[in-house]
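Undergrad: Just dropping this structure here.
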Amino acid sequence: MKSYDIATIGGGLGGSALAKSMAERGYRVLVVEGTTAFKDRIRGEQLASWGSAEAKELGLYDLLLESNGNEMVWWDIYVGAGRIAHRDLTATTPSRLPNLSFFHPEMQEALIEAAETAGAEVRRGARVTAAKPGADPEVTVEWDGGSETVSCRMVVACDGRNSGARRWGGFERRRDEDRLQIAGLLFEGMEIEADTARLSFNFVESQGALLFPQGGGRVRSYIASWKALHPRLQGEGAKGRFLEEAKKAGLPPETFDGAAPVGPLATFDGADEYVEHPYRDGIALLGDAASSSDPSWGQGLSLTLRDVRTLRDKLLESEDWDAAGHAYAAAHDEYYGRLHTFEDWFTKLMYEPGEAGKRRRMRLMTGELNMEEFDPFQSGPESSEPDAVTREAVLGE
Ligand SMILES: Cc1cc2nc3c(=O)[nH]c(=O)nc-3n(C[C@H](O)[C@H](O)[C@H](O)COP(=O)(O)OP(=O)(O)OC[C@H]3O[C@@H](n4cnc5c(N)ncnc54)[C@H](O)[C@@H]3O)c2cc1C
């Protein structure tokens with residue numbers, strides 16, 4: 001049986017970034033990626049400023065920028081037609097870094113290539129069909145019409161929001177109640193400033209429309225909305241409706257003049273799905289497999305990179321990888337737990353329908369709440385304490 005230090009299930013952002021990072025330090029890493037070519041699955045394409053810092057720490061920032069990245073320095077927030085924030089992220093965030101946007105499949109392609117160049121063994125078009133926990137964990141890989149079982153010191157499951165490895169590892173999946181949903185669609189030929197991310201909110205309708213330019217007129221647009229109040233935009237036939245809803249959410253009608261939708265349209269539930277303590281018995285969960293946070297708050301890419309850095313550092317610090325796995329999981333509970341709490345508060349603040357929601361949002365309009373002073377989504381999980389004082393500052397309650 002072939003043997004590795006690490007076998008990753010999945011070669012997306014999480015799997016490839018970890019593989020690159022460990023392979024370049026001489027570890028034997030196997031990456032098993034189910035697809036032969038990455039395609040648009042409507043995933044994250046806006047990396048927050050704290051995620052840019054994580055990418056720098058991992059030595060990935062320049063790689064992402066050079067492969068297809070676009071730096072967004074400005075963070076503009078509109079309520080209806082009125083702009084309530086025009087924020088220079090390079091001056092107002094702890095990392096002093098901009099947001100990075102990219103086309104997700106191109107980002108994945110660049111990283112899996114980098115993992116291979118660093119020395120990882122990459123199998124594409126191969127699927128892990130089972131993982132066995134234990135002191136000598138194993139994964140079964142179906143590839144090239146055959147099946148092979150390999151052993152390793154640690155299985156790292158980076159198999160995304162529908163992770164099968166959670167089940168194989170005996171992890172208990174938790175899920176938040178349904179509140180938000182998010183639809184995404186890619187456009188070409190949209191003439192907006194490439195260095196500016198735009199967020200528009202319609203507080204009455206509990207809807208937000210987001211634009212993340214990728215350069216050269218390519219722009220990813222998302223619509224986040226209160227699930228119980230809004231349609232699920234899905235498929236070719238709903239693309240016209242997407243434009244209508246984006247305008248209703250606050251984007252100026254001329255935004256789409258000359259722009260053409262390219263790629264699929266789909267809507268995803270926002271509700272977080274996560275496990276507590278994402279390590280047991282030789283299997284670590286990483287990225288969305290550990291915690292898929294509500295995409296409406298744009299934290300998934302940054303969290304995934306934080307997971308990679310944390311797990312890498314714990315593994316490098318200790319020969320006892322079981323202890324390192326537990327240390328990673330404890331750290332994950334702490335930083336993800338913080339973001340999870342902040343997301344809950346901001347969902348109530350920005351989207352919750354009804355009188356209480358309206359009262360909270362008035363505080364944004366009057367300037368009583370300044371989102372530059374408290375913004376864990378750009379500044380990172382440690383930038384504020386998730387305590388009663390901060391809660392009162394955000395929700396006014
Ligand atoms: C609509 C939407 C919008 C989002 N927007 C943002 C955003 O703007 N900013 C942000 O930070 N985050 C955003 N996210 C979240 C972000 O996309 C994820 O957090 C991130 O992609 C997670 O990376 P990952 O590597 O954990 O998983 P994935 O990117 O899902 O990669 C998993 C990989 O594993 C492979 N795989 C799965 N099972 C197997 C198997 N059994 N064998 C082999 N291979 C397998 C898959 O083919 C895939 O390549 C968004 C998510 C959604 C759904």
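Quick note on naming: the chains in the structure tokens go A, B, ... in the order shown, residues restart at 1 in each chain, and ligands are numbered from 1 in order of appearance.
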Please identify every residue of chain A that has at least one atom no farther than 6 Å from an atom of ligand 1, counting only C-alpha atoms and all ligand atoms, and for each give the shortest atom pair and the distance in Å to one decimal, arranged by chain then increasing number, as JSON lines.

TA:
```
{"residue": "A:Ile9", "atom": "CA", "partner": "ligand 1", "partner_atom_place_in_ligand_line": "43 (C)", "distance": 5.1}
{"residue": "A:Gly10", "atom": "CA", "partner": "ligand 1", "partner_atom_place_in_ligand_line": "34 (O)", "distance": 3.2}
{"residue": "A:Gly11", "atom": "CA", "partner": "ligand 1", "partner_atom_place_in_ligand_line": "49 (O)", "distance": 5.1}
{"residue": "A:Gly12", "atom": "CA", "partner": "ligand 1", "partner_atom_place_in_ligand_line": "31 (O)", "distance": 3.8}
{"residue": "A:Leu13", "atom": "CA", "partner": "ligand 1", "partner_atom_place_in_ligand_line": "25 (O)", "distance": 4.0}
{"residue": "A:Gly14", "atom": "CA", "partner": "ligand 1", "partner_atom_place_in_ligand_line": "25 (O)", "distance": 3.7}
{"residue": "A:Gly15", "atom": "CA", "partner": "ligand 1", "partner_atom_place_in_ligand_line": "25 (O)", "distance": 5.8}
{"residue": "A:Val32", "atom": "CA", "partner": "ligand 1", "partner_atom_place_in_ligand_line": "43 (C)", "distance": 5.0}
{"residue": "A:Glu33", "atom": "CA", "partner": "ligand 1", "partner_atom_place_in_ligand_line": "44 (N)", "distance": 3.8}
{"residue": "A:Gly34", "atom": "CA", "partner": "ligand 1", "partner_atom_place_in_ligand_line": "44 (N)", "distance": 3.7}
{"residue": "A:Thr35", "atom": "CA", "partner": "ligand 1", "partner_atom_place_in_ligand_line": "47 (O)", "distance": 5.2}
{"residue": "A:Ile42", "atom": "CA", "partner": "ligand 1", "partner_atom_place_in_ligand_line": "1 (C)", "distance": 5.2}
{"residue": "A:Arg43", "atom": "CA", "partner": "ligand 1", "partner_atom_place_in_ligand_line": "17 (O)", "distance": 3.8}
{"residue": "A:Gly44", "atom": "CA", "partner": "ligand 1", "partner_atom_place_in_ligand_line": "6 (C)", "distance": 3.0}
{"residue": "A:Glu45", "atom": "CA", "partner": "ligand 1", "partner_atom_place_in_ligand_line": "8 (O)", "distance": 4.7}
{"residue": "A:Gln46", "atom": "CA", "partner": "ligand 1", "partner_atom_place_in_ligand_line": "8 (O)", "distance": 4.1}
{"residue": "A:Leu47", "atom": "CA", "partner": "ligand 1", "partner_atom_place_in_ligand_line": "11 (O)", "distance": 5.0}
{"residue": "A:Ala126", "atom": "CA", "partner": "ligand 1", "partner_atom_place_in_ligand_line": "43 (C)", "distance": 5.9}
{"residue": "A:Arg127", "atom": "CA", "partner": "ligand 1", "partner_atom_place_in_ligand_line": "42 (N)", "distance": 3.6}
{"residue": "A:Val128", "atom": "CA", "partner": "ligand 1", "partner_atom_place_in_ligand_line": "42 (N)", "distance": 4.0}
{"residue": "A:Thr129", "atom": "CA", "partner": "ligand 1", "partner_atom_place_in_ligand_line": "41 (N)", "distance": 5.7}
{"residue": "A:Cys158", "atom": "CA", "partner": "ligand 1", "partner_atom_place_in_ligand_line": "26 (O)", "distance": 5.1}
{"residue": "A:Asp159", "atom": "CA", "partner": "ligand 1", "partner_atom_place_in_ligand_line": "34 (O)", "distance": 3.7}
{"residue": "A:Gly160", "atom": "CA", "partner": "ligand 1", "partner_atom_place_in_ligand_line": "30 (O)", "distance": 3.6}
{"residue": "A:Arg161", "atom": "CA", "partner": "ligand 1", "partner_atom_place_in_ligand_line": "30 (O)", "distance": 5.9}
{"residue": "A:Ile182", "atom": "CA", "partner": "ligand 1", "partner_atom_place_in_ligand_line": "1 (C)", "distance": 5.7}
{"residue": "A:Ala183", "atom": "CA", "partner": "ligand 1", "partner_atom_place_in_ligand_line": "1 (C)", "distance": 5.9}
{"residue": "A:Gly184", "atom": "CA", "partner": "ligand 1", "partner_atom_place_in_ligand_line": "1 (C)", "distance": 5.6}
{"residue": "A:Phe268", "atom": "CA", "partner": "ligand 1", "partner_atom_place_in_ligand_line": "1 (C)", "distance": 5.8}
{"residue": "A:Gly287", "atom": "CA", "partner": "ligand 1", "partner_atom_place_in_ligand_line": "26 (O)", "distance": 3.5}
{"residue": "A:Asp288", "atom": "CA", "partner": "ligand 1", "partner_atom_place_in_ligand_line": "26 (O)", "distance": 4.0}
{"residue": "A:Ala289", "atom": "CA", "partner": "ligand 1", "partner_atom_place_in_ligand_line": "26 (O)", "distance": 5.9}
{"residue": "A:Pro295", "atom": "CA", "partner": "ligand 1", "partner_atom_place_in_ligand_line": "50 (C)", "distance": 4.5}
{"residue": "A:Gly298", "atom": "CA", "partner": "ligand 1", "partner_atom_place_in_ligand_line": "9 (N)", "distance": 3.6}
{"residue": "A:Gln299", "atom": "CA", "partner": "ligand 1", "partner_atom_place_in_ligand_line": "11 (O)", "distance": 4.0}
{"residue": "A:Gly300", "atom": "CA", "partner": "ligand 1", "partner_atom_place_in_ligand_line": "19 (O)", "distance": 3.1}
{"residue": "A:Leu301", "atom": "CA", "partner": "ligand 1", "partner_atom_place_in_ligand_line": "11 (O)", "distance": 3.5}
{"residue": "A:Ser302", "atom": "CA", "partner": "ligand 1", "partner_atom_place_in_ligand_line": "11 (O)", "distance": 5.3}
{"residue": "A:Thr304", "atom": "CA", "partner": "ligand 1", "partner_atom_place_in_ligand_line": "26 (O)", "distance": 5.9}
```

Undergrad: With N, CA, C and O atoms kept, could you save the residues just selected as a short mmCIF file (atom, residue, chain, number, x, y, z; two decimals), in the first residue's frame?

TA:
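Written output follows (result.cif):
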```cif
data_model
loop_
_atom_site.label_atom_id
_atom_site.label_comp_id
_atom_site.auth_asym_id
_atom_site.auth_seq_id
_atom_site.Cartn_x
_atom_site.Cartn_y
_atom_site.Cartn_z
N ILE A 9 -8.58 15.15 0.62
CA ILE A 9 -9.77 14.83 -0.19
C ILE A 9 -10.24 16.15 -0.76
O ILE A 9 -10.72 17.02 -0.05
N GLY A 10 -10.01 16.37 -2.04
CA GLY A 10 -10.36 17.64 -2.67
C GLY A 10 -9.13 18.49 -2.93
O GLY A 10 -8.20 18.55 -2.13
N GLY A 11 -9.12 19.10 -4.11
CA GLY A 11 -8.02 19.98 -4.51
C GLY A 11 -8.53 21.35 -4.89
O GLY A 11 -8.13 21.94 -5.89
N GLY A 12 -9.47 21.87 -4.08
CA GLY A 12 -9.93 23.25 -4.24
C GLY A 12 -8.98 24.17 -3.49
O GLY A 12 -7.80 23.82 -3.27
N LEU A 13 -9.47 25.33 -3.07
CA LEU A 13 -8.62 26.28 -2.36
C LEU A 13 -7.94 25.62 -1.15
O LEU A 13 -6.72 25.71 -0.98
N GLY A 14 -8.73 24.95 -0.31
CA GLY A 14 -8.20 24.37 0.92
C GLY A 14 -7.19 23.27 0.65
O GLY A 14 -6.06 23.30 1.15
N GLY A 15 -7.57 22.29 -0.17
CA GLY A 15 -6.71 21.14 -0.43
C GLY A 15 -5.41 21.54 -1.11
O GLY A 15 -4.32 21.12 -0.70
N VAL A 32 -6.26 14.43 -3.97
CA VAL A 32 -7.23 13.72 -4.82
C VAL A 32 -8.34 14.69 -5.17
O VAL A 32 -9.05 15.18 -4.29
N GLU A 33 -8.44 15.02 -6.44
CA GLU A 33 -9.45 16.00 -6.88
C GLU A 33 -10.39 15.33 -7.88
O GLU A 33 -9.96 14.77 -8.88
N GLY A 34 -11.68 15.46 -7.59
CA GLY A 34 -12.69 14.75 -8.38
C GLY A 34 -12.82 15.22 -9.82
O GLY A 34 -13.15 14.42 -10.70
N THR A 35 -12.56 16.49 -10.08
CA THR A 35 -12.79 17.00 -11.43
C THR A 35 -11.50 17.01 -12.24
O THR A 35 -10.40 17.09 -11.67
N ILE A 42 -20.28 28.73 -8.98
CA ILE A 42 -20.76 29.89 -8.22
C ILE A 42 -20.27 29.78 -6.78
O ILE A 42 -20.99 29.39 -5.86
N ARG A 43 -19.02 30.13 -6.60
CA ARG A 43 -18.39 30.07 -5.29
C ARG A 43 -17.73 31.42 -5.02
O ARG A 43 -17.92 32.38 -5.74
N GLY A 44 -16.95 31.46 -3.97
CA GLY A 44 -16.37 32.71 -3.51
C GLY A 44 -15.37 33.31 -4.47
O GLY A 44 -14.48 32.61 -4.97
N GLU A 45 -15.53 34.62 -4.71
CA GLU A 45 -14.59 35.31 -5.61
C GLU A 45 -14.16 36.65 -5.03
O GLU A 45 -13.58 37.47 -5.74
N GLN A 46 -14.48 36.88 -3.78
CA GLN A 46 -14.05 38.11 -3.09
C GLN A 46 -13.36 37.71 -1.80
O GLN A 46 -13.98 37.14 -0.90
N LEU A 47 -12.05 37.96 -1.75
CA LEU A 47 -11.27 37.63 -0.55
C LEU A 47 -11.16 38.89 0.30
O LEU A 47 -10.67 39.92 -0.16
N ALA A 126 -10.10 11.87 -10.03
CA ALA A 126 -10.08 10.75 -9.09
C ALA A 126 -11.00 11.10 -7.91
O ALA A 126 -11.07 12.25 -7.52
N ARG A 127 -11.70 10.13 -7.37
CA ARG A 127 -12.61 10.42 -6.26
C ARG A 127 -12.27 9.57 -5.04
O ARG A 127 -12.01 8.38 -5.17
N VAL A 128 -12.26 10.20 -3.90
CA VAL A 128 -12.17 9.43 -2.66
C VAL A 128 -13.57 8.89 -2.39
O VAL A 128 -14.54 9.66 -2.37
N THR A 129 -13.66 7.59 -2.19
CA THR A 129 -14.99 6.99 -1.95
C THR A 129 -15.15 6.53 -0.51
O THR A 129 -16.24 6.17 -0.09
N CYS A 158 -10.95 18.22 2.52
CA CYS A 158 -11.19 19.58 2.02
C CYS A 158 -12.21 19.45 0.91
O CYS A 158 -12.03 19.97 -0.19
N ASP A 159 -13.27 18.70 1.19
CA ASP A 159 -14.20 18.32 0.12
C ASP A 159 -15.45 19.18 0.07
O ASP A 159 -16.48 18.78 -0.48
N GLY A 160 -15.37 20.38 0.64
CA GLY A 160 -16.38 21.39 0.38
C GLY A 160 -17.65 21.28 1.21
O GLY A 160 -17.76 20.48 2.13
N ARG A 161 -18.65 22.11 0.82
CA ARG A 161 -19.85 22.28 1.66
C ARG A 161 -20.73 21.04 1.70
O ARG A 161 -21.54 20.89 2.60
N ILE A 182 -28.46 33.12 -1.06
CA ILE A 182 -27.61 33.95 -1.94
C ILE A 182 -27.58 33.35 -3.35
O ILE A 182 -27.40 32.15 -3.52
N ALA A 183 -27.81 34.23 -4.33
CA ALA A 183 -27.75 33.84 -5.74
C ALA A 183 -26.53 34.50 -6.36
O ALA A 183 -26.14 35.61 -5.97
N GLY A 184 -25.91 33.85 -7.33
CA GLY A 184 -24.73 34.42 -7.98
C GLY A 184 -24.77 34.25 -9.48
O GLY A 184 -25.28 33.25 -10.00
N PHE A 268 -28.18 29.52 -3.26
CA PHE A 268 -27.71 28.63 -2.19
C PHE A 268 -28.29 29.11 -0.86
O PHE A 268 -28.41 30.32 -0.63
N GLY A 287 -11.64 24.04 5.69
CA GLY A 287 -12.43 24.84 4.75
C GLY A 287 -13.91 24.59 4.97
O GLY A 287 -14.38 24.39 6.09
N ASP A 288 -14.67 24.59 3.86
CA ASP A 288 -16.12 24.43 3.97
C ASP A 288 -16.52 23.11 4.63
O ASP A 288 -17.60 23.01 5.20
N ALA A 289 -15.68 22.09 4.51
CA ALA A 289 -16.02 20.82 5.15
C ALA A 289 -16.09 20.99 6.67
O ALA A 289 -16.91 20.36 7.34
N PRO A 295 -22.38 32.57 2.94
CA PRO A 295 -21.63 33.30 1.91
C PRO A 295 -22.00 34.78 1.83
O PRO A 295 -21.23 35.58 1.28
N GLY A 298 -19.19 36.77 3.00
CA GLY A 298 -17.91 36.68 2.28
C GLY A 298 -16.72 36.28 3.13
O GLY A 298 -15.63 36.86 3.01
N GLN A 299 -16.90 35.25 3.98
CA GLN A 299 -15.81 34.86 4.88
C GLN A 299 -15.18 33.51 4.55
O GLN A 299 -14.14 33.14 5.08
N GLY A 300 -15.81 32.74 3.64
CA GLY A 300 -15.40 31.35 3.43
C GLY A 300 -13.97 31.20 2.93
O GLY A 300 -13.23 30.34 3.40
N LEU A 301 -13.56 32.04 1.99
CA LEU A 301 -12.20 31.92 1.44
C LEU A 301 -11.17 32.26 2.53
O LEU A 301 -10.16 31.56 2.68
N SER A 302 -11.46 33.32 3.27
CA SER A 302 -10.53 33.75 4.32
C SER A 302 -10.43 32.69 5.42
O SER A 302 -9.32 32.36 5.89
N THR A 304 -10.98 29.54 5.08
CA THR A 304 -10.26 28.36 4.54
C THR A 304 -8.75 28.58 4.62
O THR A 304 -8.00 27.70 5.03
#
```

Undergrad: Excluding Ser16 (chain A) and residues on its chain fewer than 6 positions from it, collect all residues at most 8 Å away from it, counting only C-alpha atoms, and give them as a list in words.

TA: Gly10, Val31, Gln108, Leu111, Ile112, Ala114 and Ala115 of chain A

Undergrad: Quick one: write out the picked residues with C-alpha atoms as a CSV table (one decimal), in the first residue's frame?

TA:
```csv
chain,number,residue,atom,x,y,z
A,10,GLY,CA,-10.4,17.6,-2.7
A,31,VAL,CA,-4.1,15.5,-3.5
A,108,GLN,CA,-8.3,26.7,-8.3
A,111,LEU,CA,-3.3,26.6,-6.9
A,112,ILE,CA,-3.5,23.0,-7.8
A,114,ALA,CA,1.3,25.3,-7.6
A,115,ALA,CA,0.8,22.3,-5.3
```

Undergrad: I'd like the interatomic distance between CA of Trp50 (chain A) and CA of Phe187 (chain A), to a tenth of an Å.

TA: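 Taking CA of Trp50 (chain A) and CA of Phe187 (chain A), their separation equals 26.2 Å.
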
Undergrad: Mind checking which residues fall within 9 Å of region 143-154 of chain A, counting only C-alpha atoms, ignoring those fewer than 5 positions away in the same chain, and posting them as an mmCIF file with C-alpha atoms, in the first residue's frame?

TA:
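Saved the output as selection27.cif:
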```cif
data_model
loop_
_atom_site.group_PDB
_atom_site.id
_atom_site.type_symbol
_atom_site.label_atom_id
_atom_site.label_comp_id
_atom_site.auth_asym_id
_atom_site.auth_seq_id
_atom_site.Cartn_x
_atom_site.Cartn_y
_atom_site.Cartn_z
ATOM 1 C CA MET A 1 0.000 0.000 0.000
ATOM 2 C CA LYS A 2 1.326 3.432 -0.911
ATOM 3 C CA SER A 3 1.875 5.731 2.019
ATOM 4 C CA TYR A 4 1.906 9.531 2.409
ATOM 5 C CA ASP A 5 2.198 12.043 5.202
ATOM 6 C CA ILE A 6 -1.027 13.747 4.132
ATOM 7 C CA ALA A 7 -3.833 12.755 1.779
ATOM 8 C CA THR A 8 -6.238 15.563 0.959
ATOM 9 C CA VAL A 29 1.305 14.836 0.025
ATOM 10 C CA ARG A 123 -4.594 12.950 -9.060
ATOM 11 C CA ARG A 124 -7.339 14.647 -11.001
ATOM 12 C CA GLY A 125 -10.530 13.016 -12.134
ATOM 13 C CA ALA A 126 -10.078 10.749 -9.087
ATOM 14 C CA ARG A 127 -12.611 10.417 -6.261
ATOM 15 C CA VAL A 128 -12.172 9.427 -2.664
ATOM 16 C CA PRO A 133 -10.069 6.857 10.686
ATOM 17 C CA ALA A 135 -3.844 5.513 14.049
ATOM 18 C CA ASP A 136 -2.958 4.740 10.394
ATOM 19 C CA PRO A 137 -5.785 6.374 8.473
ATOM 20 C CA GLU A 138 -6.586 5.327 4.927
ATOM 21 C CA ASP A 281 -8.894 9.965 14.857
ATOM 22 C CA GLY A 282 -6.534 10.911 12.042
ATOM 23 C CA ILE A 283 -9.077 12.911 10.000
ATOM 24 C CA ALA A 284 -9.088 16.725 9.965
ATOM 25 C CA TRP A 321 0.102 14.725 14.663
ATOM 26 C CA ASP A 322 -2.850 13.488 16.695
ATOM 27 C CA GLY A 325 -4.973 17.770 14.925
#
```

Undergrad: Could you work out how far CA of Gly51 (chain A) lies from CA of Thr117 (chain A), giving the answer in Å with one decimal?

TA: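 Between CA of Thr117 (chain A) and CA of Gly51 (chain A) the gap is 23.4 Å.
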
Undergrad: Write out as a list in words which residues come within 12 Å of Arg25 (chain A) when counting only C-alpha atoms, dropping same-chain ones fewer than 3 positions away.

TA: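 Counting only the stated atoms, we get Asp5, Leu18, Ala19, Lys20, Ser21, Met22, Arg28, Val29, Ala115, Ala118, Gly119, Ala120, Arg312, Asp313, Leu315 and Leu316 of chain A.
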
Undergrad: Counting only C-alpha atoms, which of A:Ala81, A:Ala238, A:Leu210, A:Leu185 gets nearest to Ala259 (chain A)?

TA: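 With only C-alpha atoms as the atom set, the closest residue is A:Leu185.
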
Undergrad: Show which residues sit within 8 Å of Asp178 (chain A), as a ChimeraX atom specification. Count only C-alpha atoms, and ignore same-chain residues fewer than 3 positions away.

TA: /A:227,269-271

Undergrad: Write to file, as an mmCIF file, in the first residue's frame, the residues of the selection just made, with N, CA, C and O atoms.

TA:
```
data_model
loop_
_atom_site.group_PDB
_atom_site.id
_atom_site.type_symbol
_atom_site.label_atom_id
_atom_site.label_comp_id
_atom_site.auth_asym_id
_atom_site.auth_seq_id
_atom_site.Cartn_x
_atom_site.Cartn_y
_atom_site.Cartn_z
ATOM 1 N N LYS A 227 -34.649 34.562 2.960
ATOM 2 C CA LYS A 227 -35.135 33.412 2.177
ATOM 3 C C LYS A 227 -36.664 33.319 2.133
ATOM 4 O O LYS A 227 -37.248 33.019 1.081
ATOM 5 N N ASP A 269 -28.592 28.166 0.025
ATOM 6 C CA ASP A 269 -28.983 28.552 1.381
ATOM 7 C C ASP A 269 -27.786 29.180 2.090
ATOM 8 O O ASP A 269 -26.657 28.690 1.963
ATOM 9 N N GLY A 270 -28.058 30.232 2.844
ATOM 10 C CA GLY A 270 -26.969 30.878 3.572
ATOM 11 C C GLY A 270 -26.614 30.149 4.861
ATOM 12 O O GLY A 270 -25.469 30.204 5.305
ATOM 13 N N ALA A 271 -27.565 29.460 5.473
ATOM 14 C CA ALA A 271 -27.378 28.879 6.811
ATOM 15 C C ALA A 271 -26.027 28.185 6.971
ATOM 16 O O ALA A 271 -25.668 27.329 6.153
#
```

Undergrad: For Arg83 (chain A), which of A:Val219, A:Ala53, A:Leu364, A:Leu186 is the closest residue, counting only C-alpha atoms?

TA: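 Looking at the shortest contact to Arg83 (chain A), the residue is A:Leu364.
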
Undergrad: Could you check which of A:Asp333, A:Glu113, A:Glu245, A:Glu66 is closest to Ser200 (chain A), using only C-alpha atoms?

TA: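 Nearest candidate to Ser200 (chain A) out of A:Asp333, A:Glu113, A:Glu245, A:Glu66: A:Glu245.
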
Undergrad: Neighbours of region 340-351 of chain A within 9 Å (only C-alpha atoms; same-chain residues fewer than 3 positions away dropped), as a ChimeraX atom specification?

TA: /A:179-180,201-208,225-226,272,293-294,296-297,335-337,356-361,376-377,381,386,391,394-395

Undergrad: Kindly indicate which residue among A:Val389, A:Met371, A:Met72, A:Ala131 lies nearest to Asp88 (chain A), using only C-alpha atoms for the distances.

TA: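 Among the listed residues, the smallest separation from Asp88 (chain A) belongs to A:Met72.
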